[in-house]
Amino acid sequence: WGFWNRSDCSAMVAVPKKSKEAIAKAAQAGGGKGKKKKWSKAKAKEKSQNHVLFDAELYKKILADVPKQRLITPSNLAEKFKLNGSLARKAIRHLFEKGLIRKVADHHSQMIYTRAIVGKDDDKVEKVEKAEKAEKAAE
């Protein structure tokens, strides 16, 4: 409890008072704070123009490229093909229904798919061929 008692503290050193002129001169010298720092202007990220609807060219490109990818997620498709997030999810669902990709995990926030590994004697090959023929007939 000795720290409460000031009698054993060393004597405080007296600091000489500055005159008003000395204070004004020190302020003029600018050795103190100086100007207030300004916030740097943040670079605005350019807004990307993503597709919100399929056109024929984009649809064919997705049908050709996506089933070959190892990891298929809406974010990957949106990034690679410049798609809107909802359009990327619909594309994945469409490819899954056709049997071109295989589901790994389907969470409420992220869908994870991979390419469908298909053997020659597998009936998925027949499904894919039928789907391609149906598309050609529709055109």
# chains A, B, ... in the order shown; residues from 1 in each chain; ligands from 1
>>> residues_around(residues="His51 (chain A)", least_positions_apart="5", cutoff="7 Å", atoms="only C-alpha atoms", output="list in words")
Lys82, Leu83 and Asn84 of chain A
>>> atom_distance(atom1="CA of Ile92 (chain A)", atom2="CA of Ala116 (chain A)")
12.6 Å
>>> residues_around(residues="region 86-89 of chain A", least_positions_apart="5", cutoff="9 Å", atoms="only C-alpha atoms", output="MDAnalysis selection string")
chainID A and resid 51:54 73:78 81 94 111
>>> atom_distance(atom1="CA of Lys68 (chain A)", atom2="CA of Ala137 (chain A)")
23.9 Å
>>> atom_distance(atom1="CA of Leu95 (chain A)", atom2="CA of Glu132 (chain A)")
11.9 Å
>>> closest_residue(among="A:Ala22, A:Leu63, A:Ala42, A:Ala56", to="Ala131 (chain A)", atoms="only C-alpha atoms")
A:Leu63
>>> select_by_dssp(residues="region 41-123 of chain A", states="alpha helix (DSSP H)", output="count of residues only")
33
>>> residues_around(residues="Val104 (chain A)", least_positions_apart="4", cutoff="8 Å", atoms="only C-alpha atoms", output="ChimeraX atom specification")
/A:112-114
>>> write_last_selection(atoms="C-alpha atoms", output="short mmCIF file (atom, residue, chain, number, x, y, z; two decimals), in the first residue's frame")
data_model
loop_
_atom_site.label_atom_id
_atom_site.label_comp_id
_atom_site.auth_asym_id
_atom_site.auth_seq_id
_atom_site.Cartn_x
_atom_site.Cartn_y
_atom_site.Cartn_z
CA ILE A 112 -21.23 -28.71 -55.47
CA TYR A 113 -21.17 -30.97 -58.49
CA THR A 114 -18.52 -32.81 -60.49
#
